[in-house]
>>> print(open('coords.txt').read())   # compact mmCIF, C-alpha atoms and all ligand atoms
# COMPACT_ATOMS: atom_id res chain seq x y z
CA MET A 6 29.31 32.50 -8.80
CA LYS A 7 27.33 34.20 -6.03
CA ALA A 8 23.89 33.35 -4.73
CA ARG A 9 21.46 34.24 -2.00
CA GLU A 10 20.49 31.62 0.57
CA PRO A 11 17.37 30.02 -0.91
CA LYS A 12 14.22 28.88 0.86
CA ILE A 13 13.00 25.35 0.42
CA LYS A 14 9.51 23.91 0.34
CA VAL A 15 9.51 20.59 2.18
CA ALA A 16 6.38 18.41 2.14
CA LEU A 17 5.87 16.95 5.62
CA LEU A 18 2.64 15.18 4.65
CA GLN A 19 1.83 14.34 1.05
CA ASP A 20 -1.59 13.64 -0.40
CA THR A 21 -3.30 13.66 2.94
CA GLN A 22 -7.01 14.22 3.55
CA LYS A 23 -6.64 15.47 7.08
CA ALA A 24 -3.92 16.90 9.26
CA GLN A 25 -3.55 17.99 12.81
CA ILE A 26 -1.08 20.75 13.54
CA ASN A 27 -0.17 21.98 17.00
CA LEU A 28 1.09 25.54 16.82
CA HIS A 29 3.54 26.72 19.48
CA GLY A 30 3.74 30.51 19.39
CA ASP A 31 2.02 32.73 16.84
CA TYR A 32 1.28 31.87 13.25
CA PHE A 33 -0.25 34.50 10.98
CA LEU A 34 -2.93 33.89 8.37
CA ALA A 35 -3.34 36.39 5.56
CA GLY A 36 -4.97 39.48 7.04
CA ASP A 37 -2.75 39.20 10.11
CA THR A 38 -5.04 36.90 12.09
CA ALA A 39 -2.78 35.33 14.72
CA LEU A 40 -3.31 31.64 15.46
CA THR A 41 -1.92 29.37 18.10
CA GLY A 42 -2.76 25.99 19.66
CA LYS A 43 -4.34 22.99 17.99
CA ILE A 44 -5.72 23.33 14.50
CA THR A 45 -7.04 20.79 12.04
CA ALA A 46 -7.21 20.88 8.28
CA GLU A 47 -9.44 18.73 6.10
CA ILE A 48 -10.12 18.81 2.39
CA SER A 49 -13.35 18.51 0.47
CA GLU A 50 -13.87 19.28 -3.21
CA GLY A 51 -10.44 20.83 -3.52
CA HIS A 52 -10.93 23.27 -0.66
CA ILE A 53 -8.94 22.94 2.51
CA ARG A 54 -11.09 23.68 5.53
CA PHE A 55 -9.19 24.93 8.44
CA LYS A 56 -10.54 24.75 12.02
CA ASP A 57 -9.43 25.80 15.50
CA GLU A 58 -9.76 23.74 18.70
CA GLN A 59 -13.39 24.81 19.18
CA GLY A 60 -14.25 23.57 15.70
CA ARG A 61 -14.66 27.06 14.24
CA THR A 62 -13.79 27.33 10.56
CA LEU A 63 -10.92 29.75 10.10
CA GLY A 64 -10.66 29.55 6.34
CA LYS A 65 -11.57 27.50 3.31
CA LYS A 66 -9.29 27.80 0.33
CA ASN A 67 -7.20 25.70 -2.03
CA GLU A 68 -4.04 27.17 -0.57
CA ILE A 69 -3.43 28.37 2.97
CA PHE A 70 -0.23 30.08 4.07
CA LEU A 71 0.72 30.50 7.71
CA ALA A 72 3.67 32.75 8.47
CA ALA A 73 5.61 31.87 11.62
CA ALA A 74 6.41 34.54 14.18
CA ASN A 75 9.99 34.55 15.40
CA GLN A 76 10.80 31.29 17.23
CA ALA A 77 7.33 29.86 16.61
CA SER A 78 7.23 26.15 15.89
CA PHE A 79 4.63 23.49 15.13
CA THR A 80 4.15 19.80 15.82
CA ILE A 81 2.69 17.12 13.56
CA PRO A 82 1.61 14.13 15.68
CA GLN A 83 2.00 11.38 13.06
CA VAL A 84 4.67 11.67 10.41
CA LYS A 85 5.49 8.48 8.50
CA ILE A 86 9.19 8.05 7.87
CA GLY A 87 11.10 5.43 5.87
CA ILE A 88 8.05 4.83 3.65
CA GLY A 89 8.45 1.50 1.83
CA PHE A 90 11.77 0.68 3.50
CA HIS A 91 12.39 -1.81 6.26
CA TRP A 92 12.68 0.94 8.87
CA GLN A 93 9.24 2.51 8.26
CA GLN A 94 7.73 4.02 11.41
CA ASN A 95 5.56 6.90 12.68
CA GLN A 96 7.01 9.77 14.67
CA GLU A 97 5.76 12.95 16.26
CA GLN A 98 7.81 15.77 14.82
CA THR A 99 8.31 19.47 15.46
CA PHE A 100 9.42 22.08 12.93
CA TYR A 101 10.38 25.75 12.67
CA GLY A 102 9.34 27.97 9.79
CA ASP A 103 6.26 28.80 7.72
CA ILE A 104 3.45 26.41 6.81
CA LEU A 105 1.77 26.05 3.44
CA LEU A 106 -1.26 23.83 2.85
CA SER A 107 -1.69 23.23 -0.83
CA SER A 108 -4.49 21.24 -2.42
CA ALA A 109 -3.23 18.41 -4.63
CA GLY A 110 -6.63 17.53 -6.09
CA PRO A 111 -10.24 17.34 -5.00
CA LYS A 112 -9.54 14.96 -2.11
CA THR A 113 -5.98 15.49 -0.94
CA PHE A 114 -3.55 18.21 0.05
CA HIS A 115 0.10 18.59 0.97
CA LEU A 116 1.35 20.01 4.25
CA ILE A 117 4.48 21.95 3.36
CA ASN A 118 7.13 23.58 5.56
CA ILE A 119 8.98 26.56 4.07
CA VAL A 120 12.49 26.84 5.54
CA LEU A 121 15.83 28.49 4.83
CA LEU A 122 18.35 26.15 3.19
CA GLU A 123 20.84 26.23 6.06
CA ASP A 124 18.13 25.48 8.65
CA TYR A 125 16.88 22.64 6.48
CA LEU A 126 20.40 21.26 6.23
CA ALA A 127 21.01 21.40 9.98
CA SER A 128 17.94 19.24 10.41
CA VAL A 129 18.79 16.85 7.57
CA ILE A 130 22.29 16.31 8.87
CA SER A 131 20.97 15.75 12.40
CA SER A 132 18.27 13.37 11.13
CA GLU A 133 20.44 11.30 8.83
CA MET A 134 23.57 11.19 10.93
CA SER A 135 24.26 10.51 14.54
CA ALA A 136 25.15 13.61 16.54
CA ARG A 137 28.34 11.87 17.66
CA ALA A 138 29.78 11.52 14.16
CA HIS A 139 33.21 12.99 13.54
CA PRO A 140 33.12 16.78 12.87
CA GLU A 141 35.12 16.50 9.62
CA PHE A 142 32.73 13.84 8.37
CA LEU A 143 29.74 16.04 9.26
CA LYS A 144 31.31 18.97 7.40
CA ALA A 145 31.91 16.84 4.28
CA GLN A 146 28.33 15.58 4.50
CA ALA A 147 27.01 19.14 4.92
CA VAL A 148 28.81 20.38 1.79
CA ALA A 149 27.69 17.38 -0.27
CA ALA A 150 24.05 17.67 0.86
CA ARG A 151 24.01 21.44 0.28
CA SER A 152 25.47 21.02 -3.22
CA TRP A 153 23.10 18.21 -4.18
CA LEU A 154 20.16 20.28 -3.01
CA MET A 155 21.10 23.39 -4.99
CA ALA A 156 21.85 21.33 -8.09
CA MET A 157 18.49 19.64 -7.70
CA LEU A 158 16.59 22.95 -7.32
CA GLU A 159 18.38 24.17 -10.43
CA LYS A 160 17.53 21.01 -12.41
CA LYS A 161 13.88 21.23 -11.39
CA ARG A 162 13.54 24.61 -13.08
CA ILE A 163 14.23 23.05 -16.46
CA PRO A 164 11.31 21.10 -17.90
CA ARG A 165 12.36 17.49 -18.39
CA LYS A 166 11.45 14.72 -20.73
CA THR A 167 10.05 11.65 -19.10
CA ARG A 168 12.94 9.63 -17.75
CA GLN A 169 11.59 6.26 -18.69
CA ALA A 170 11.95 3.73 -21.46
CA LYS A 171 9.32 1.04 -21.41
CA ASN A 172 8.28 -1.58 -23.87
CA LYS A 173 6.78 -5.02 -23.51
CA ASN A 174 9.94 -6.91 -22.66
CA GLU A 175 12.17 -4.15 -21.38
CA ILE A 176 11.37 -1.88 -18.47
CA ILE A 177 14.15 0.61 -17.82
CA VAL A 178 13.01 3.27 -15.40
CA TRP A 179 14.67 5.72 -13.11
CA GLN A 180 13.85 8.92 -11.36
CA ASP A 181 16.55 11.51 -11.06
CA VAL A 182 15.23 14.84 -9.94
CA ASN A 183 12.10 14.15 -7.97
CA ASP A 184 8.74 14.59 -9.63
CA HIS A 185 7.32 16.69 -6.82
CA LYS A 186 5.29 19.51 -8.34
CA LEU A 187 3.97 21.76 -5.60
CA PHE A 188 7.06 21.54 -3.39
CA ASP A 189 10.82 21.01 -3.70
CA VAL A 190 11.47 17.95 -1.58
CA CYS A 191 9.60 15.50 0.58
CA ALA A 192 10.71 14.85 4.14
CA ASP A 193 11.39 11.15 3.67
CA ASP A 194 14.18 8.92 2.34
CA HIS A 195 12.82 9.42 -1.17
CA CYS A 196 14.52 12.84 -1.05
CA GLN A 197 16.35 13.36 2.24
CA ARG A 198 15.15 12.52 5.70
CA TYR A 199 13.96 15.74 7.35
CA GLN A 200 12.69 15.42 10.88
CA GLY A 201 12.56 19.04 11.95
CA ILE A 202 13.72 19.65 15.48
CA THR A 203 12.27 16.46 16.98
CA LYS A 204 15.80 15.37 17.39
CA ILE A 205 17.27 18.53 18.80
CA ILE A 206 19.78 19.77 16.26
CA SER A 207 23.02 18.43 17.63
CA PRO A 208 25.76 20.95 18.53
CA ASN A 209 28.08 18.99 16.19
CA ALA A 210 25.71 19.20 13.24
CA LYS A 211 25.05 22.87 13.93
CA LYS A 212 28.77 23.58 14.03
CA ALA A 213 29.35 21.65 10.79
CA ILE A 214 26.65 23.69 9.06
CA GLU A 215 27.90 27.01 10.42
CA GLU A 216 31.52 26.30 9.52
CA THR A 217 30.57 25.41 5.96
CA ARG A 218 27.79 27.98 5.50
CA GLY A 219 27.31 28.80 1.80
CA LEU A 220 30.09 26.38 0.80
CA PHE A 221 29.48 24.25 -2.30
CA LEU A 222 31.27 21.78 -4.52
CA ALA A 223 31.65 23.18 -8.03
CA SER A 224 32.90 21.91 -11.36
CA GLU A 225 33.00 23.63 -14.76
CA GLY A 226 31.33 26.73 -13.31
CA LYS A 227 28.35 24.83 -11.96
CA ILE A 228 27.33 23.48 -8.57
CA CYS A 229 28.00 19.75 -8.41
CA ASP A 230 25.19 17.28 -8.27
CA ALA A 231 26.95 15.69 -5.28
CA ARG A 232 25.31 12.33 -4.59
CA TYR A 233 25.81 10.19 -1.50
CA TYR A 234 24.59 6.92 0.02
CA LYS A 235 25.50 4.57 2.87
CA CYS A 236 28.17 2.14 1.58
CA CYS A 237 29.79 1.68 -1.84
CA GLY A 238 31.02 -1.88 -1.26
CA GLY A 239 34.65 -0.97 -2.01
CA GLN A 240 34.39 0.91 -5.31
CA THR A 241 32.06 3.78 -6.20
CA GLU A 242 29.59 3.67 -9.08
CA ILE A 243 29.09 5.85 -12.15
CA PHE A 244 26.06 8.10 -12.58
CA SER A 245 24.42 6.30 -15.51
CA THR A 246 23.93 3.05 -13.58
CA ALA A 247 21.29 4.80 -11.53
CA TRP A 248 20.13 7.73 -13.66
CA GLU A 249 20.39 9.17 -17.17
CA ASP A 250 23.27 8.36 -19.50
CA ILE A 251 25.55 11.25 -18.67
CA SER A 252 28.89 11.20 -16.95
CA PRO A 253 29.65 14.22 -14.74
CA PRO A 254 33.47 14.47 -14.44
CA TYR A 255 33.36 14.57 -10.62
CA LEU A 256 31.22 11.42 -10.37
CA GLN A 257 33.74 8.92 -11.70
CA SER A 258 34.37 5.57 -10.11
CA VAL A 259 36.88 5.78 -7.26
CA THR A 260 38.20 3.17 -4.87
CA CYS A 261 37.01 3.56 -1.31
CA ALA A 262 40.59 3.08 -0.02
CA ASP A 263 43.98 4.78 -0.11
CA ALA A 264 45.22 2.65 -3.00
CA ALA A 265 43.22 2.90 -6.22
CA ARG A 266 42.03 -0.27 -7.94
CA GLU A 267 40.74 -0.67 -11.48
CA PRO A 268 36.95 -0.25 -11.67
CA LEU A 269 35.11 -3.52 -12.35
CA SER A 270 34.60 -4.11 -16.04
CA SER A 271 33.44 -7.68 -16.59
CA GLU A 272 30.99 -10.20 -15.19
CA GLY A 273 33.95 -12.26 -14.00
CA ASP A 274 35.36 -9.25 -12.11
CA ALA A 275 32.02 -8.72 -10.41
CA GLN A 276 31.72 -12.38 -9.38
CA LYS A 277 35.17 -12.36 -7.79
CA TRP A 278 34.69 -8.92 -6.23
CA LEU A 279 31.40 -9.76 -4.54
CA ALA A 280 32.67 -13.13 -3.31
CA ALA A 281 35.63 -11.40 -1.63
CA LYS A 282 35.72 -8.85 1.15
CA PRO A 283 38.48 -6.55 -0.09
CA PRO A 284 39.78 -3.96 2.37
CA ALA A 285 38.09 -0.56 2.00
CA PHE A 286 37.24 2.41 4.20
CA CYS A 287 33.63 1.22 4.32
CA ASN A 288 34.62 -2.38 5.05
CA THR A 289 34.47 -1.76 8.76
CA GLN A 290 33.18 -3.84 11.62
CA ASP A 291 34.03 -1.07 14.07
CA ILE A 292 30.74 -0.84 15.94
CA GLU A 293 31.88 2.35 17.66
CA ILE A 294 32.32 4.10 14.31
CA LEU A 295 29.06 2.69 12.96
CA LYS A 296 27.19 3.79 16.07
CA LYS A 297 28.57 7.26 15.54
CA ILE A 298 27.26 7.49 11.97
CA LEU A 299 24.00 5.63 11.79
CA PRO A 300 20.89 6.73 13.66
CA THR A 301 19.59 3.99 15.97
CA PHE A 302 17.04 2.43 13.64
CA ASP A 303 19.58 2.05 10.85
CA ARG A 304 21.75 -0.18 13.00
CA GLN A 305 19.28 -2.99 12.38
CA THR A 306 21.16 -3.35 9.11
CA ALA A 307 24.58 -4.52 10.21
CA ASP A 308 25.89 -6.50 7.23
CA PHE A 309 26.06 -4.01 4.44
CA TYR A 310 29.57 -4.39 3.01
CA ARG A 311 28.80 -7.93 1.85
CA TRP A 312 25.33 -9.37 2.39
CA ARG A 313 23.19 -12.35 1.50
CA VAL A 314 19.46 -12.69 0.85
CA CYS A 315 17.81 -16.06 0.25
CA TYR A 316 14.31 -16.76 -1.13
CA THR A 317 12.53 -19.97 -2.04
CA ARG A 318 11.54 -19.90 -5.72
CA GLU A 319 7.88 -19.55 -4.75
CA GLU A 320 8.65 -16.64 -2.43
CA LEU A 321 10.51 -14.78 -5.14
CA GLU A 322 7.74 -15.44 -7.68
CA GLU A 323 5.26 -13.85 -5.24
CA ILE A 324 7.51 -10.85 -4.53
CA LEU A 325 8.08 -10.25 -8.24
CA LYS A 326 4.38 -10.51 -9.01
CA LYS A 327 3.56 -8.02 -6.29
CA LYS A 328 6.34 -5.53 -6.96
CA SER A 329 6.48 -5.57 -10.77
CA GLY A 330 2.87 -6.42 -11.50
CA ILE A 331 4.12 -9.15 -13.84
CA ASP A 332 3.30 -12.84 -13.54
CA PHE A 333 6.49 -14.57 -14.66
CA GLY A 334 5.17 -18.05 -13.97
CA GLN A 335 7.75 -20.54 -12.73
CA LEU A 336 11.09 -18.70 -12.47
CA GLN A 337 13.91 -20.14 -14.54
CA SER A 338 16.77 -17.70 -14.25
CA ILE A 339 17.92 -14.26 -13.19
CA GLU A 340 20.79 -13.00 -15.33
CA PRO A 341 22.76 -9.78 -15.03
CA LEU A 342 23.15 -8.20 -18.49
CA ALA A 343 25.00 -5.01 -17.60
CA ARG A 344 26.89 -3.74 -14.58
CA GLY A 345 28.55 -0.49 -13.59
CA THR A 346 32.00 0.04 -12.09
CA SER A 347 31.06 -1.07 -8.57
CA GLY A 348 29.32 -4.24 -9.71
CA ARG A 349 25.85 -2.68 -9.51
CA ILE A 350 23.54 -4.17 -12.13
CA TYR A 351 21.57 -1.74 -14.27
CA LYS A 352 20.09 -4.30 -16.67
CA LEU A 353 18.79 -7.58 -15.32
CA LYS A 354 17.00 -10.31 -17.26
CA ILE A 355 14.31 -12.24 -15.44
CA VAL A 356 13.22 -15.42 -17.19
CA GLY A 357 10.01 -17.20 -16.22
CA ALA A 358 7.85 -19.87 -17.84
CA LYS A 359 5.31 -17.23 -18.87
CA LYS A 360 7.42 -14.18 -19.48
CA ASN A 361 10.94 -12.78 -19.95
CA VAL A 362 11.61 -9.19 -18.94
CA ILE A 363 14.69 -6.99 -18.81
CA VAL A 364 14.53 -4.56 -15.90
CA GLY A 365 16.63 -1.52 -14.91
CA LYS A 366 18.04 0.71 -13.57
CA GLU A 367 19.51 -0.02 -10.17
CA LEU A 368 16.66 1.20 -7.96
CA GLU A 369 13.96 -0.58 -9.97
CA ILE A 370 15.96 -3.82 -9.73
CA ARG A 371 16.25 -3.39 -5.95
CA ARG A 372 12.54 -2.66 -5.70
CA TRP A 373 11.46 -5.72 -7.71
CA LEU A 374 13.59 -8.21 -5.82
CA SER A 375 12.55 -7.51 -2.24
CA PRO A 376 9.35 -6.95 -0.24
CA THR A 377 10.96 -3.55 0.54
CA HIS A 378 14.24 -2.81 -1.34
CA LEU A 379 17.40 -4.86 -1.70
CA LEU A 380 20.36 -3.04 -0.15
CA SER A 381 21.95 -2.58 -3.58
CA SER A 382 21.88 -3.96 -7.11
CA ALA A 383 25.47 -5.24 -6.80
CA PHE A 384 24.83 -8.96 -6.47
CA VAL A 385 25.44 -12.36 -7.99
CA VAL A 386 22.69 -14.96 -7.96
CA SER A 387 23.16 -18.61 -7.14
CA ILE A 388 20.47 -21.26 -7.21
CA GLU A 389 19.64 -24.54 -5.48
CA LYS A 390 17.64 -27.24 -7.23
CA ASN A 391 15.02 -29.84 -6.31
CA HIS A 392 15.32 -33.52 -7.26
CA ASP A 393 13.19 -32.88 -10.35
CA ALA A 394 15.71 -30.22 -11.51
CA THR A 395 13.34 -27.29 -10.86
CA ILE A 396 14.82 -24.40 -8.88
CA SER A 397 14.13 -24.49 -5.15
CA LYS A 398 16.03 -21.39 -4.00
CA PHE A 399 17.52 -18.13 -5.27
CA ILE A 400 20.41 -16.75 -3.23
CA PHE A 401 21.61 -13.17 -3.72
CA HIS A 402 25.21 -12.49 -2.67
CA GLY A 403 25.52 -8.72 -2.62
CA GLY A 404 27.71 -5.80 -1.70
CA GLY A 405 27.13 -2.21 -0.58
CA TRP A 406 24.12 -0.19 0.47
CA GLY A 407 22.55 2.44 -1.78
CA HIS A 408 23.26 3.57 -5.35
CA GLY A 409 27.02 3.89 -4.87
CA VAL A 410 27.41 7.17 -6.78
CA GLY A 411 29.54 9.89 -5.14
CA LEU A 412 30.27 10.01 -1.43
CA CYS A 413 30.28 6.75 0.54
CA GLN A 414 29.03 7.84 3.97
CA ILE A 415 30.51 4.97 5.94
CA GLY A 416 33.79 5.29 4.03
CA ALA A 417 33.84 9.04 4.62
CA ALA A 418 33.23 8.58 8.35
CA VAL A 419 36.11 6.12 8.56
CA MET A 420 38.36 8.56 6.65
CA ALA A 421 37.49 11.28 9.18
CA GLU A 422 38.35 8.94 12.07
CA LYS A 423 41.70 8.30 10.39
CA GLY A 424 42.40 12.04 10.51
CA LYS A 425 41.34 13.20 7.04
CA SER A 426 39.79 16.66 6.71
CA ALA A 427 36.39 17.39 5.13
CA ALA A 428 38.17 18.88 2.09
CA GLU A 429 40.27 15.71 1.68
CA ILE A 430 37.22 13.48 2.00
CA LEU A 431 35.31 15.49 -0.62
CA ALA A 432 38.31 15.51 -2.96
CA HIS A 433 38.49 11.72 -2.66
CA TYR A 434 34.86 10.99 -3.60
CA PHE A 435 34.35 13.94 -6.00
CA PRO A 436 37.61 14.03 -7.96
CA GLY A 437 38.34 17.37 -9.60
CA ALA A 438 35.53 19.30 -7.88
CA ILE A 439 36.48 22.53 -6.09
CA LEU A 440 35.05 24.19 -2.97
CA GLN A 441 33.34 27.56 -3.51
CA LYS A 442 31.61 29.88 -1.05
CA LEU A 443 28.47 31.34 -2.62
CA TYR A 444 26.99 33.30 0.31
ZN ZN A 501 10.77 13.09 -2.38
ZN ZN A 502 32.83 2.84 0.44
>>> encode(input="coords.txt", output="structure tokens", more="lines below")
Ligand SMILES: [Zn+2]
Ligand SMILES: [Zn+2]
Amino acid sequence: MKAREPKIKVALLQDTQKAQINLHGDYFLAGDTALTGKITAEISEGHIRFKDEQGRTLGKKNEIFLAAANQASFTIPQVKIGIGFHWQQNQEQTFYGDILLSSAGPKTFHLINIVLLEDYLASVISSEMSARAHPEFLKAQAVAARSWLMAMLEKKRIPRKTRQAKNKNEIIVWQDVNDHKLFDVCADDHCQRYQGITKIISPNAKKAIEETRGLFLASEGKICDARYYKCCGGQTEIFSTAWEDISPPYLQSVTCADAAREPLSSEGDAQKWLAAKPPAFCNTQDIEILKKILPTFDRQTADFYRWRVCYTREELEEILKKKSGIDFGQLQSIEPLARGTSGRIYKLKIVGAKKNVIVGKELEIRRWLSPTHLLSSAFVVSIEKNHDATISKFIFHGGGWGHGVGLCQIGAAVMAEKGKSAAEILAHYFPGAILQKLY
């Protein structure tokens, strides 16, 4: 396998009506017109109108491409990050590379940044990880992110069937490869957080990217779809709990510890597992290590290995109504029907006075049961009752953070601190995968 370094289209703003872009250095419109300074773009009837600081119209088209001169960069004053998650916020962000404005319909357009894969990765690693993280951890993360990205670009080329099964009483939905049409990835948590050079690319991240340039995880002659997430909860999950029913050999359940345990296989196992706090790489209270991995705003979430969320019955009825669009009436029970190897539920039955629905897979369950998202779908539910025997409270006792498939970031960071190399970390979470340099 050999490949050329690809370019990636990253949507910085999606479905926007207006955008302000501050150009630093020269940007070239078709016909070699050089632009710099403040410009605004606005859409009407499918045409993006493009104006300079004096309000002069520079162009009006359904697609506008601006090629960056060497070292030119641009700033977007208000980029929303963490959309729909508890850490949502606005940030001013600066980026290198070309700009593409692409109309998405009569009233909205996307603002897209076209960047080389390795530059994109340097930013992603810097955005998602603290600059102080261990170098071997950063290298492992770089290889996993690079592999996932290439596998995703590859998958997107193949037309896919709709990844959803819905009927009246069963809603099983998931989204594997993103559904973005006019670009490859968005800049938010939905794909991978990409914050340009707002956070100066850290020397550590830069070094990790350079030292692993063109290096991928491969299995059976293909680049691995190397998934990762924050914390497994002690045991990693299998692919089909979150996405389609396939089982890539390198995404098997592994224990996030030196000694392997049996994957969870029954409801009883899951109950015991989530009630306990078994030792694991990611079962760490070491604030110094956590500070080194998680960017500041993620540290608001401190209890991720085992966690607890409590709602009154009325609160949960409201949340469910809002998030699922279904009025269950008075809630009667929430029953796990199927779990994966880490205890994550992928089929959950919700029983109300008016309606019973089975929901899956893991992300949809997390979305339904929280005003934002539950940390994971690995949970057991306990209830408290009123004097009249109706339910007063639902309590979720959970474990882990994220889908649990592939590399456990907190576990990997702890492994690096214990002296493991990037190759050892990757071999642990992606059993059987090999490292290959493609460019
Ligand atoms: Zn996305
Ligand atoms: Zn873990």
>>> residues_near_ligand(input="coords.txt", ligand="ligand ZN 502 (chain A)", cutoff="7 Å", atoms="all atoms listed in the file", output="list in words")
Cys236, Cys237, Gly238, Gly239, Gln240, Thr241, Cys261, Ala285, Phe286, Cys287, Cys413, Ile415 and Gly416 of chain A
>>> residues_around(input="coords.txt", residues="A:Glu249", least_positions_apart="2", cutoff="8 Å", atoms="all atoms listed in the file", output="PDB file with C-alpha atoms, in the coordinates of the input")
ATOM      1  CA  ARG A 168      12.940   9.630 -17.750  1.00  0.00           C
ATOM      2  CA  TRP A 179      14.670   5.720 -13.110  1.00  0.00           C
ATOM      3  CA  ASP A 181      16.550  11.510 -11.060  1.00  0.00           C
ATOM      4  CA  PHE A 244      26.060   8.100 -12.580  1.00  0.00           C
ATOM      5  CA  SER A 245      24.420   6.300 -15.510  1.00  0.00           C
ATOM      6  CA  THR A 246      23.930   3.050 -13.580  1.00  0.00           C
ATOM      7  CA  ALA A 247      21.290   4.800 -11.530  1.00  0.00           C
ATOM      8  CA  ILE A 251      25.550  11.250 -18.670  1.00  0.00           C
TER       9      ILE A 251
END
>>> closest_atom_pairs(input="coords.txt", of="chain A", to="ligand ZN 501 (chain A)", cutoff="8 Å", atoms="all atoms listed in the file", output="CSV")
residue,atom,partner,partner_atom,distance
A:Asn183,CA,A:ZN501,ZN,5.8
A:Asp184,CA,A:ZN501,ZN,7.7
A:His185,CA,A:ZN501,ZN,6.7
A:Val190,CA,A:ZN501,ZN,5.0
A:Cys191,CA,A:ZN501,ZN,4.0
A:Ala192,CA,A:ZN501,ZN,6.8
A:Asp193,CA,A:ZN501,ZN,6.4
A:Asp194,CA,A:ZN501,ZN,7.2
A:His195,CA,A:ZN501,ZN,4.4
A:Cys196,CA,A:ZN501,ZN,4.0
A:Gln197,CA,A:ZN501,ZN,7.2
>>> atom_distance(input="coords.txt", atom1="atom CA of A:Tyr255", atom2="atom CA of A:Gln414")
16.6 Å
>>> closest_residue(input="coords.txt", among="A:Pro254, A:Gly30, A:Pro341, A:Gly409", to="A:Gly102", atoms="only C-alpha atoms")
A:Gly30
>>> closest_residue(input="coords.txt", among="A:Lys144, A:His378, A:His139, A:Lys235", to="A:Glu216", atoms="all atoms listed in the file")
A:Lys144
>>> closest_residue(input="coords.txt", among="A:Tyr310, A:Trp248, A:Phe114, A:Phe142", to="A:Lys425", atoms="all atoms listed in the file")
A:Phe142
>>> residues_around(input="coords.txt", residues="stretch 76-85 of chain A", least_positions_apart="5", cutoff="10 Å", atoms="only C-alpha atoms", output="compact mmCIF listing (two decimals) with C-alpha atoms, in the frame of the given file")
# COMPACT_ATOMS: atom_id res chain seq x y z
CA LEU A 17 5.87 16.95 5.62
CA LEU A 18 2.64 15.18 4.65
CA ALA A 24 -3.92 16.90 9.26
CA GLN A 25 -3.55 17.99 12.81
CA ILE A 26 -1.08 20.75 13.54
CA ASN A 27 -0.17 21.98 17.00
CA LEU A 28 1.09 25.54 16.82
CA HIS A 29 3.54 26.72 19.48
CA GLY A 30 3.74 30.51 19.39
CA ASP A 31 2.02 32.73 16.84
CA TYR A 32 1.28 31.87 13.25
CA THR A 41 -1.92 29.37 18.10
CA GLY A 42 -2.76 25.99 19.66
CA LYS A 43 -4.34 22.99 17.99
CA GLN A 93 9.24 2.51 8.26
CA GLN A 94 7.73 4.02 11.41
CA ASN A 95 5.56 6.90 12.68
CA GLN A 96 7.01 9.77 14.67
CA GLU A 97 5.76 12.95 16.26
CA GLN A 98 7.81 15.77 14.82
CA THR A 99 8.31 19.47 15.46
CA PHE A 100 9.42 22.08 12.93
CA TYR A 101 10.38 25.75 12.67
CA GLY A 102 9.34 27.97 9.79
CA ASP A 103 6.26 28.80 7.72
CA ILE A 104 3.45 26.41 6.81
CA LEU A 116 1.35 20.01 4.25
CA ASN A 118 7.13 23.58 5.56
CA ALA A 192 10.71 14.85 4.14
CA ASP A 193 11.39 11.15 3.67
CA GLN A 200 12.69 15.42 10.88
CA GLY A 201 12.56 19.04 11.95
CA ILE A 202 13.72 19.65 15.48
CA THR A 203 12.27 16.46 16.98
>>> residues_around(input="coords.txt", residues="A:Leu222", least_positions_apart="3", cutoff="12 Å", atoms="all atoms listed in the file", output="number ranges by chain")
A: 6, 145-156, 217, 219, 225-232, 255-256, 427-428, 431-432, 434-443
>>> residues_around(input="coords.txt", residues="stretch 360-370 of chain A", least_positions_apart="4", cutoff="7 Å", atoms="all atoms listed in the file", output="ChimeraX atom specification")
/A:174-179,246-247,333,349-356,374,382
